[in-house]
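Participant: Just one file: input39.csv, with CSV, C-alpha atoms.
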chain,number,residue,atom,x,y,z
A,1,MET,CA,-210.4,26.4,-7.5
A,2,SER,CA,-213.1,24.9,-9.7
A,3,ASP,CA,-216.4,24.5,-8.1
A,4,PRO,CA,-217.6,20.9,-8.3
A,5,SER,CA,-221.1,20.6,-9.8
A,6,PRO,CA,-223.8,20.3,-7.1
A,7,GLN,CA,-224.7,16.8,-8.5
A,8,SER,CA,-221.2,15.2,-8.1
A,9,SER,CA,-220.5,16.7,-4.7
A,10,LYS,CA,-224.0,15.4,-3.6
A,11,SER,CA,-223.2,11.9,-4.8
A,12,SER,CA,-219.9,11.8,-3.0
A,13,MET,CA,-221.4,13.2,0.2
A,14,ARG,CA,-223.9,10.4,0.3
A,15,TRP,CA,-221.2,7.8,1.1
A,16,VAL,CA,-220.0,9.7,4.2
A,17,PRO,CA,-222.4,8.1,6.7
A,18,LEU,CA,-221.5,4.7,5.3
A,19,LEU,CA,-217.8,5.4,5.8
A,20,ILE,CA,-218.5,6.6,9.4
A,21,VAL,CA,-220.4,3.4,10.1
A,22,ALA,CA,-217.6,1.3,8.5
A,23,ALA,CA,-215.0,3.1,10.6
A,24,LEU,CA,-216.9,2.5,13.8
A,25,GLY,CA,-217.2,-1.2,12.8
A,26,VAL,CA,-213.4,-1.4,12.4
A,27,LEU,CA,-213.0,0.2,15.8
A,28,LEU,CA,-215.5,-2.2,17.4
A,29,PHE,CA,-213.8,-5.2,15.8
A,30,ALA,CA,-210.4,-4.0,17.0
A,31,GLY,CA,-211.7,-3.6,20.5
A,32,VAL,CA,-213.2,-7.1,20.5
A,33,MET,CA,-210.0,-8.6,19.2
A,34,LEU,CA,-207.9,-6.8,21.8
A,35,SER,CA,-210.2,-7.9,24.6
A,36,ARG,CA,-209.7,-11.5,23.6
A,37,ASN,CA,-206.1,-11.4,24.9
A,38,PRO,CA,-206.3,-13.1,28.3
A,39,ASN,CA,-203.2,-11.1,29.4
A,40,ARG,CA,-204.6,-7.7,28.4
A,41,GLU,CA,-204.5,-6.3,31.9
A,42,ALA,CA,-200.8,-7.1,32.3
A,43,LEU,CA,-198.8,-4.0,32.8
A,44,PRO,CA,-195.8,-3.4,30.6
A,45,SER,CA,-192.7,-3.2,32.9
A,46,PRO,CA,-190.8,0.1,32.8
A,47,LEU,CA,-187.7,-1.9,33.8
A,48,ILE,CA,-187.2,-3.6,30.5
A,49,GLY,CA,-183.8,-2.5,29.1
A,50,LYS,CA,-182.8,-1.1,32.5
A,51,ALA,CA,-180.6,-2.5,35.2
A,52,ALA,CA,-182.4,-4.9,37.6
A,53,PRO,CA,-183.2,-3.2,40.9
A,54,ALA,CA,-180.4,-3.7,43.5
A,55,PHE,CA,-181.4,-5.9,46.5
A,56,ARG,CA,-180.1,-7.9,49.4
A,57,LEU,CA,-182.3,-10.8,50.5
A,58,PRO,CA,-181.9,-13.9,52.6
A,59,VAL,CA,-181.8,-17.4,51.0
A,60,LEU,CA,-184.9,-19.4,51.9
A,61,HIS,CA,-183.0,-22.6,52.6
A,62,GLU,CA,-180.2,-20.9,54.6
A,63,PRO,CA,-181.9,-17.9,56.3
A,64,GLY,CA,-178.5,-16.6,57.6
A,65,ARG,CA,-177.1,-16.2,54.1
A,66,MET,CA,-177.8,-13.0,52.2
A,67,VAL,CA,-177.7,-12.7,48.4
A,68,THR,CA,-177.4,-9.4,46.5
A,69,SER,CA,-178.2,-8.5,43.0
A,70,ASP,CA,-174.5,-8.2,42.3
A,71,ASP,CA,-173.9,-11.9,43.3
A,72,LEU,CA,-176.3,-13.0,40.5
A,73,ARG,CA,-174.4,-11.1,37.8
A,74,GLY,CA,-172.2,-12.7,35.3
A,75,ALA,CA,-174.7,-15.1,33.8
A,76,PRO,CA,-178.3,-14.6,32.8
A,77,TYR,CA,-181.1,-15.8,35.1
A,78,LEU,CA,-184.8,-16.2,35.2
A,79,LEU,CA,-186.4,-14.7,38.3
A,80,ASN,CA,-189.7,-16.3,39.1
A,81,VAL,CA,-192.0,-14.7,41.7
A,82,TRP,CA,-194.1,-17.1,43.7
A,83,GLY,CA,-195.8,-17.7,47.0
A,84,SER,CA,-197.3,-20.7,48.7
A,85,TRP,CA,-200.5,-18.6,48.9
A,86,CYS,CA,-200.7,-18.4,45.1
A,87,PRO,CA,-202.9,-21.0,43.4
A,88,ALA,CA,-201.7,-20.0,39.9
A,89,CYS,CA,-198.1,-20.7,41.0
A,90,ARG,CA,-199.1,-24.3,41.5
A,91,ASP,CA,-200.4,-24.5,37.9
A,92,GLU,CA,-197.2,-23.0,36.7
A,93,HIS,CA,-195.0,-25.3,38.7
A,94,PRO,CA,-194.7,-28.3,36.3
A,95,VAL,CA,-194.1,-25.9,33.3
A,96,LEU,CA,-191.3,-24.1,35.3
A,97,THR,CA,-189.9,-27.5,36.4
A,98,ARG,CA,-189.7,-28.6,32.8
A,99,PHE,CA,-187.9,-25.4,31.8
A,100,ALA,CA,-185.5,-25.6,34.7
A,101,GLU,CA,-184.6,-29.2,33.8
A,102,SER,CA,-183.6,-28.1,30.3
A,103,LYS,CA,-180.7,-26.2,32.1
A,104,ARG,CA,-180.8,-23.3,29.8
A,105,LEU,CA,-180.5,-20.7,32.6
A,106,ARG,CA,-180.5,-20.5,36.4
A,107,VAL,CA,-184.0,-20.2,37.6
A,108,ILE,CA,-184.1,-18.1,40.8
A,109,GLY,CA,-187.2,-18.3,42.9
A,110,PHE,CA,-188.4,-15.0,44.4
A,111,ASN,CA,-190.6,-16.1,47.4
A,112,TRP,CA,-192.9,-13.1,47.9
A,113,LYS,CA,-194.5,-12.3,51.3
A,114,ASP,CA,-194.6,-15.8,52.4
A,115,GLU,CA,-194.2,-17.6,55.8
A,116,HIS,CA,-190.9,-19.4,55.9
A,117,ALA,CA,-192.5,-22.7,57.0
A,118,ASP,CA,-195.3,-22.5,54.3
A,119,ALA,CA,-192.7,-21.8,51.6
A,120,MET,CA,-190.6,-24.8,52.6
A,121,ARG,CA,-193.6,-27.1,52.8
A,122,TRP,CA,-194.7,-26.0,49.4
A,123,LEU,CA,-191.4,-26.8,47.8
A,124,GLU,CA,-191.2,-30.2,49.6
A,125,GLN,CA,-194.7,-31.1,48.4
A,126,PHE,CA,-194.3,-30.0,44.8
A,127,GLY,CA,-190.6,-30.2,44.3
A,128,ASN,CA,-188.0,-27.5,44.1
A,129,PRO,CA,-187.1,-26.5,40.5
A,130,TYR,CA,-185.1,-23.5,41.6
A,131,PHE,CA,-181.3,-23.0,41.5
A,132,MET,CA,-181.8,-20.8,44.6
A,133,VAL,CA,-184.8,-19.3,46.3
A,134,ILE,CA,-184.6,-15.8,47.8
A,135,ALA,CA,-187.2,-14.6,50.3
A,136,ASP,CA,-188.8,-11.2,50.4
A,137,TYR,CA,-190.8,-11.4,53.6
A,138,ASP,CA,-192.0,-7.8,53.9
A,139,GLY,CA,-192.4,-7.2,50.1
A,140,LYS,CA,-190.2,-4.1,50.0
A,141,VAL,CA,-187.9,-5.5,47.2
A,142,ALA,CA,-191.0,-6.6,45.3
A,143,ILE,CA,-192.1,-2.9,45.0
A,144,ASP,CA,-188.7,-2.0,43.5
A,145,TRP,CA,-189.2,-4.7,40.9
A,146,GLY,CA,-192.7,-3.5,40.1
A,147,ILE,CA,-194.2,-6.8,41.2
A,148,TYR,CA,-198.0,-6.7,41.7
A,149,GLY,CA,-199.2,-10.3,41.5
A,150,ALA,CA,-197.8,-13.7,41.4
A,151,PRO,CA,-196.7,-15.5,39.4
A,152,GLU,CA,-194.5,-13.0,37.5
A,153,THR,CA,-191.3,-13.9,35.7
A,154,PHE,CA,-188.3,-11.7,34.7
A,155,LEU,CA,-185.5,-12.5,32.4
A,156,VAL,CA,-182.2,-10.8,33.4
A,157,ASP,CA,-179.1,-11.0,31.3
A,158,GLY,CA,-175.5,-11.5,32.4
A,159,LYS,CA,-174.9,-7.7,32.8
A,160,GLY,CA,-177.9,-7.4,35.1
A,161,ILE,CA,-180.2,-5.8,32.5
A,162,VAL,CA,-183.9,-6.8,32.6
A,163,ARG,CA,-184.7,-8.2,29.1
A,164,TRP,CA,-188.3,-9.6,29.5
A,165,LYS,CA,-191.1,-9.9,31.9
A,166,TYR,CA,-194.2,-12.1,31.9
A,167,VAL,CA,-197.2,-11.5,34.2
A,168,GLY,CA,-199.2,-14.7,35.0
A,169,PRO,CA,-198.4,-18.4,34.9
A,170,LEU,CA,-195.9,-19.4,32.3
A,171,THR,CA,-197.1,-22.0,29.8
A,172,ASP,CA,-195.2,-24.1,27.4
A,173,GLU,CA,-196.5,-21.8,24.6
A,174,VAL,CA,-195.2,-18.7,26.3
A,175,ILE,CA,-191.8,-20.3,26.9
A,176,ARG,CA,-191.6,-21.5,23.3
A,177,ASP,CA,-192.9,-18.3,21.6
A,178,GLU,CA,-191.6,-15.6,23.9
A,179,LEU,CA,-188.9,-16.7,26.3
A,180,LEU,CA,-186.7,-18.9,24.2
A,181,PRO,CA,-186.5,-16.3,21.3
A,182,LYS,CA,-185.5,-13.7,23.9
A,183,ILE,CA,-182.8,-16.0,25.3
A,184,ASP,CA,-181.4,-16.6,21.8
A,185,GLU,CA,-181.5,-12.9,21.0
A,186,MET,CA,-179.6,-12.2,24.3
A,187,LYS,CA,-177.0,-14.8,23.4
A,188,VAL,CA,-176.4,-13.3,20.0
A,189,ALA,CA,-176.1,-9.8,21.5
A,190,SER,CA,-173.6,-10.9,24.1
A,191,ARG,CA,-171.4,-12.7,21.5
B,1,MET,CA,-218.7,-26.1,58.2
B,2,LEU,CA,-220.0,-22.7,57.2
B,3,LEU,CA,-216.7,-21.2,58.4
B,4,ALA,CA,-214.8,-23.6,56.2
B,5,VAL,CA,-216.9,-22.6,53.2
B,6,ALA,CA,-216.4,-18.9,54.0
B,7,MET,CA,-212.7,-19.4,54.2
B,8,LEU,CA,-212.6,-21.3,50.9
B,9,VAL,CA,-214.5,-18.5,49.2
B,10,ALA,CA,-212.2,-15.9,50.8
B,11,SER,CA,-209.2,-17.8,49.5
B,12,PHE,CA,-210.5,-17.7,46.0
B,13,ALA,CA,-211.4,-14.1,46.3
B,14,THR,CA,-207.8,-13.2,47.2
B,15,PHE,CA,-206.4,-15.0,44.2
B,16,ALA,CA,-202.7,-14.3,43.7
B,17,GLN,CA,-202.5,-12.0,46.6
B,18,PRO,CA,-200.5,-12.7,49.8
B,19,ALA,CA,-202.2,-12.8,53.2
B,20,ASN,CA,-203.5,-9.6,54.6
B,21,ASP,CA,-201.5,-7.6,57.1
B,22,PRO,CA,-204.0,-6.3,59.7
B,23,THR,CA,-202.2,-3.3,61.2
B,24,PRO,CA,-203.8,-0.1,59.8
B,25,LEU,CA,-201.7,2.9,59.0
B,26,GLN,CA,-201.2,5.4,61.8
B,27,PHE,CA,-201.1,9.1,61.0
B,28,GLN,CA,-199.2,11.7,62.9
B,29,SER,CA,-201.5,14.6,62.1
B,30,PRO,CA,-204.7,15.4,60.3
B,31,ILE,CA,-202.7,17.4,57.7
B,32,GLU,CA,-200.6,14.3,57.0
B,33,GLU,CA,-203.7,12.2,56.7
B,34,GLN,CA,-205.4,14.6,54.3
B,35,ARG,CA,-202.3,14.8,52.1
B,36,PHE,CA,-202.0,11.0,52.1
B,37,HIS,CA,-205.7,10.6,51.2
B,38,ASP,CA,-205.5,13.1,48.3
B,39,LEU,CA,-202.3,11.4,47.0
B,40,VAL,CA,-203.5,7.8,47.1
B,41,ALA,CA,-206.8,8.8,45.4
B,42,GLU,CA,-204.8,9.9,42.4
B,43,LEU,CA,-202.9,6.7,42.1
B,44,ARG,CA,-204.2,3.6,40.4
B,45,CYS,CA,-204.1,0.2,42.0
B,46,VAL,CA,-201.9,-2.0,39.8
B,47,MET,CA,-203.7,-5.2,40.7
B,48,CYS,CA,-207.4,-4.2,40.4
B,49,GLN,CA,-207.1,-1.6,37.7
B,50,ASN,CA,-210.5,0.0,38.1
B,51,GLN,CA,-209.8,1.2,41.6
B,52,SER,CA,-207.5,3.8,43.1
B,53,LEU,CA,-204.9,2.9,45.6
B,54,ALA,CA,-207.1,4.5,48.2
B,55,GLU,CA,-210.1,2.2,47.4
B,56,SER,CA,-208.4,-1.1,46.9
B,57,ASN,CA,-208.1,-3.9,49.4
B,58,ALA,CA,-205.6,-5.9,47.3
B,59,GLN,CA,-202.5,-6.7,49.3
B,60,ILE,CA,-200.2,-4.9,46.9
B,61,ALA,CA,-202.4,-1.7,47.4
B,62,VAL,CA,-201.9,-2.1,51.2
B,63,ASP,CA,-198.2,-2.4,50.6
B,64,LEU,CA,-198.0,0.5,48.3
B,65,ARG,CA,-200.1,2.7,50.6
B,66,ARG,CA,-197.6,2.0,53.3
B,67,GLU,CA,-194.7,2.8,50.9
B,68,VAL,CA,-196.4,6.1,50.0
B,69,LEU,CA,-196.7,7.1,53.7
B,70,GLU,CA,-193.1,6.1,54.3
B,71,LEU,CA,-191.9,8.3,51.3
B,72,MET,CA,-194.0,11.2,52.6
B,73,ARG,CA,-192.2,10.9,56.0
B,74,GLN,CA,-188.9,10.8,54.2
B,75,GLY,CA,-189.8,14.3,53.1
B,76,LYS,CA,-190.5,13.5,49.4
B,77,ASP,CA,-193.0,15.8,47.7
B,78,ASN,CA,-196.0,14.5,45.8
B,79,ARG,CA,-194.2,14.7,42.4
B,80,GLU,CA,-191.3,12.6,43.7
B,81,ILE,CA,-193.6,10.0,45.2
B,82,LYS,CA,-195.5,9.7,41.9
B,83,GLN,CA,-192.2,9.5,40.0
B,84,PHE,CA,-191.1,6.7,42.4
B,85,LEU,CA,-194.1,4.6,41.5
B,86,VAL,CA,-193.9,5.4,37.7
B,87,GLU,CA,-190.3,4.2,37.7
B,88,ARG,CA,-191.5,0.8,39.0
B,89,TYR,CA,-195.0,0.3,37.7
B,90,GLY,CA,-195.1,2.6,34.7
B,91,GLU,CA,-197.3,5.6,33.7
B,92,PHE,CA,-200.3,3.4,34.3
B,93,VAL,CA,-200.3,4.1,38.1
B,94,LEU,CA,-201.3,7.8,37.4
B,95,TYR,CA,-204.9,8.6,37.0
B,96,ARG,CA,-203.9,11.9,35.5
B,97,PRO,CA,-201.0,11.2,33.1
B,98,GLN,CA,-198.3,13.8,32.8
B,99,VAL,CA,-198.4,16.2,29.9
B,100,GLU,CA,-195.6,15.2,27.5
B,101,SER,CA,-195.2,14.6,23.8
B,102,LYS,CA,-196.6,11.0,23.9
B,103,THR,CA,-199.7,12.1,25.9
B,104,TRP,CA,-200.5,15.2,23.9
B,105,LEU,CA,-203.2,13.4,21.9
B,106,LEU,CA,-204.8,12.2,25.1
B,107,TRP,CA,-204.8,15.6,26.7
B,108,PHE,CA,-205.7,17.8,23.6
B,109,GLY,CA,-207.4,15.2,21.3
B,110,PRO,CA,-210.9,16.0,22.5
B,111,ALA,CA,-210.4,19.7,22.0
B,112,LEU,CA,-209.1,19.0,18.5
B,113,VAL,CA,-212.2,16.9,17.6
B,114,LEU,CA,-214.4,19.7,19.0
B,115,LEU,CA,-212.5,22.2,16.9
B,116,ALA,CA,-212.7,20.1,13.7
B,117,GLY,CA,-216.5,19.7,14.3
B,118,GLY,CA,-216.9,23.5,14.8
B,119,ILE,CA,-215.1,24.2,11.6
B,120,VAL,CA,-217.3,21.7,9.6
B,121,VAL,CA,-220.5,23.2,11.1
B,122,ALA,CA,-219.3,26.8,10.5
B,123,GLY,CA,-218.5,25.9,6.9
B,124,ALA,CA,-221.8,24.3,6.3
B,125,MET,CA,-223.7,27.2,7.8
B,126,ARG,CA,-221.8,29.8,5.7
B,127,LYS,CA,-222.6,27.8,2.6
B,128,ARG,CA,-226.2,27.7,3.4
B,129,ARG,CA,-226.4,31.4,4.1
B,130,GLN,CA,-224.7,32.2,0.8
B,131,SER,CA,-227.1,30.3,-1.3
B,132,PRO,CA,-230.4,29.8,0.6
B,133,ALA,CA,-232.2,28.7,-2.6
B,134,ALA,CA,-229.6,26.0,-3.5
B,135,ALA,CA,-229.7,24.8,0.1
B,136,LYS,CA,-233.4,24.5,0.0
B,137,THR,CA,-233.5,22.3,-3.1
B,138,SER,CA,-230.6,20.2,-1.9
B,139,ASP,CA,-232.6,19.7,1.4
B,140,SER,CA,-235.6,18.3,-0.6
B,141,ASN,CA,-233.3,16.2,-2.6
B,142,GLU,CA,-231.8,14.8,0.5
B,143,GLU,CA,-235.2,13.8,1.8
B,144,GLN,CA,-236.0,11.9,-1.3
B,145,GLU,CA,-232.7,10.1,-1.4
B,146,TRP,CA,-232.6,9.1,2.2
Since I need it in another form, could you write the structure as structure tokens?

Facilitator:
Amino acid sequence: MSDPSPQSSKSSMRWVPLLIVAALGVLLFAGVMLSRNPNREALPSPLIGKAAPAFRLPVLHEPGRMVTSDDLRGAPYLLNVWGSWCPACRDEHPVLTRFAESKRLRVIGFNWKDEHADAMRWLEQFGNPYFMVIADYDGKVAIDWGIYGAPETFLVDGKGIVRWKYVGPLTDEVIRDELLPKIDEMKVASR
Amino acid sequence: MLLAVAMLVASFATFAQPANDPTPLQFQSPIEEQRFHDLVAELRCVMCQNQSLAESNAQIAVDLRREVLELMRQGKDNREIKQFLVERYGEFVLYRPQVESKTWLLWFGPALVLLAGGIVVAGAMRKRRQSPAAAKTSDSNEEQEW
């Protein structure tokens, strides 16, 4: 191995601190950029690509009628978690209504830890965009779905596989940039 | 009036959380209670991510604490209970992630950095010991340049 002359090794060494500072700068910039994402605290769902959790829950509008996860199979659906106690669900409501009216998929409401009367009143007041609303009064099924805040939205395909999840209120941008491409992708895959 | 304001504030504070269930957990024995407290202190609250399940007042934390106690009573061991939560909420719920290939860097990274630093320092010291005169002149050069 040839020994580099002291002079040249010296001159290359003098750039080391600058490189370190530059590297720290890049790291800081990356951190700032990442922290700008308003959804940065959303947890990735371990359910994506797996079968939707099995459940058996009453229908909000017909409390005697039970619906199971198997009943929903056969066609894709969007499961939207909401509660009358959730202010962000109110913000999301018009967006969800617009999506439901486009009739691309069944939109199933998942009424989480709500009072029956409160849930009914909420839907009467703001309108009911849902194909069907199922009610999880004690929140047991919500734990199986990994639900931790409302609103949350899951896309489940016709085979009952969870394809996508969004934590927080849906916006037109989220529907356009994330949900619709996922639905198209799903349709191509099932063809 | 004051009450109304207080209620309004409280309703904002509990943003996106269902109403609180007031019944506290009942333990059958001090051993069960101790095991429960040790376990929930190692689990992260999924809603308020800087708190453990033990500390958080979020409704989901209340529900998950109840679920943990129920799983304990079903005879599940701590590993199985953690697995139950990881399957639903992801690795994030664990304050101490499992040692597996994708967490090796997390577990052993600091030791690697320390090792690399040690090698650099050892190398520099050996160089200096081998040629004290050269080291001295380069030191004075350094002072001039910087």

Participant: So that I can check the surroundings of Phe36 in chain B, please list as a ChimeraX atom specification every protein, DNA and RNA residue that reaches within 10 Å of it, counting all atoms listed in the file and ignoring chain neighbours fewer than 3 positions away.

Facilitator: /B:27,30-33,39-41,54,65,68-69,72,78

Participant: Using only C-alpha atoms, which chain A residues lie at most 10 Å away from chain B, written as a PyMOL selection string?

Facilitator: chain A and resi 6-7+10+14+41-47+53+82-89+112-115+138-140+142-151+168

Participant: Nearest to Arg73 in chain B: which of B:Arg96, B:Lys127, B:Arg35, B:Lys102 is it, counting all atoms listed in the file?

Facilitator: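 Distance minimum relative to Arg73 in chain B lands on B:Arg35.
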
Participant: How many Å lie between CA of Gly64 in chain A and CA of Glu70 in chain B, rounded to one decimal?

Facilitator: 27.2 Å

Participant: For Trp122 in chain A, which of A:Arg104, A:His93, A:Asp136, A:Ile161 is the closest residue, counting only C-alpha atoms?

Facilitator: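 Comparing A:Arg104, A:His93, A:Asp136, A:Ile161 against Trp122 in chain A, the winner is A:His93.
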
Participant: By how many Å are CA of Leu79 in chain A and CA of Arg40 in chain A apart?

Facilitator: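 Those two atoms sit 21.9 Å apart.
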
Participant: Given the choices A:Val21, A:Phe55, A:Gln125, A:Asp91, which gets closest to Val141 in chain A if the distance is worked out from all atoms listed in the file?

Facilitator: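 Selected residue with least distance to Val141 in chain A: A:Phe55.
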
Participant: Between CA of Gly158 in chain A and CA of Asp71 in chain A, what is the spacing in Å?

Facilitator: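 Pair CA of Asp71 in chain A / CA of Gly158 in chain A returns 11.0 Å.
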
Participant: Near Pro94 in chain A, within 9 Å and counting only C-alpha atoms, which residues show up once chain neighbours fewer than 4 positions away are dropped, as a PDB file with C-alpha atoms, in the coordinates of the input?

Facilitator:
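part-v2.pdb, written as the output of this step:
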ATOM      1  CA  ARG A  90    -199.100 -24.300  41.500  1.00  0.00           C
ATOM      2  CA  ARG A  98    -189.700 -28.600  32.800  1.00  0.00           C
ATOM      3  CA  PHE A  99    -187.900 -25.400  31.800  1.00  0.00           C
ATOM      4  CA  PHE A 126    -194.300 -30.000  44.800  1.00  0.00           C
ATOM      5  CA  PRO A 129    -187.100 -26.500  40.500  1.00  0.00           C
TER       6      PRO A 129
END

Participant: Near Glu178 in chain A, within 12 Å and counting all atoms listed in the file, which residues show up once chain neighbours fewer than 4 positions away are dropped, as a list in words?

Facilitator: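 Result of the neighbour search: Thr153, Phe154, Leu155, Arg163, Trp164, Lys165, Tyr166, Leu170, Thr171, Asp172, Glu173, Val174, Lys182, Ile183, Asp184 and Glu185 of chain A.
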
Participant: Go ahead and save the picked residues with C-alpha atoms, as a short mmCIF file (atom, residue, chain, number, x, y, z; two decimals), keeping the file's coordinate frame.

Facilitator:
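Writing done, so here's result_16.cif:
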data_model
loop_
_atom_site.label_atom_id
_atom_site.label_comp_id
_atom_site.auth_asym_id
_atom_site.auth_seq_id
_atom_site.Cartn_x
_atom_site.Cartn_y
_atom_site.Cartn_z
CA THR A 153 -191.30 -13.90 35.70
CA PHE A 154 -188.30 -11.70 34.70
CA LEU A 155 -185.50 -12.50 32.40
CA ARG A 163 -184.70 -8.20 29.10
CA TRP A 164 -188.30 -9.60 29.50
CA LYS A 165 -191.10 -9.90 31.90
CA TYR A 166 -194.20 -12.10 31.90
CA LEU A 170 -195.90 -19.40 32.30
CA THR A 171 -197.10 -22.00 29.80
CA ASP A 172 -195.20 -24.10 27.40
CA GLU A 173 -196.50 -21.80 24.60
CA VAL A 174 -195.20 -18.70 26.30
CA LYS A 182 -185.50 -13.70 23.90
CA ILE A 183 -182.80 -16.00 25.30
CA ASP A 184 -181.40 -16.60 21.80
CA GLU A 185 -181.50 -12.90 21.00
#

Participant: Which residues are near Trp107 in chain B? Cut-off 12 Å, all atoms listed in the file, ignore same chain within fewer than 5 positions. Put them as a ChimeraX atom specification.

Facilitator: /B:96-102,112-113
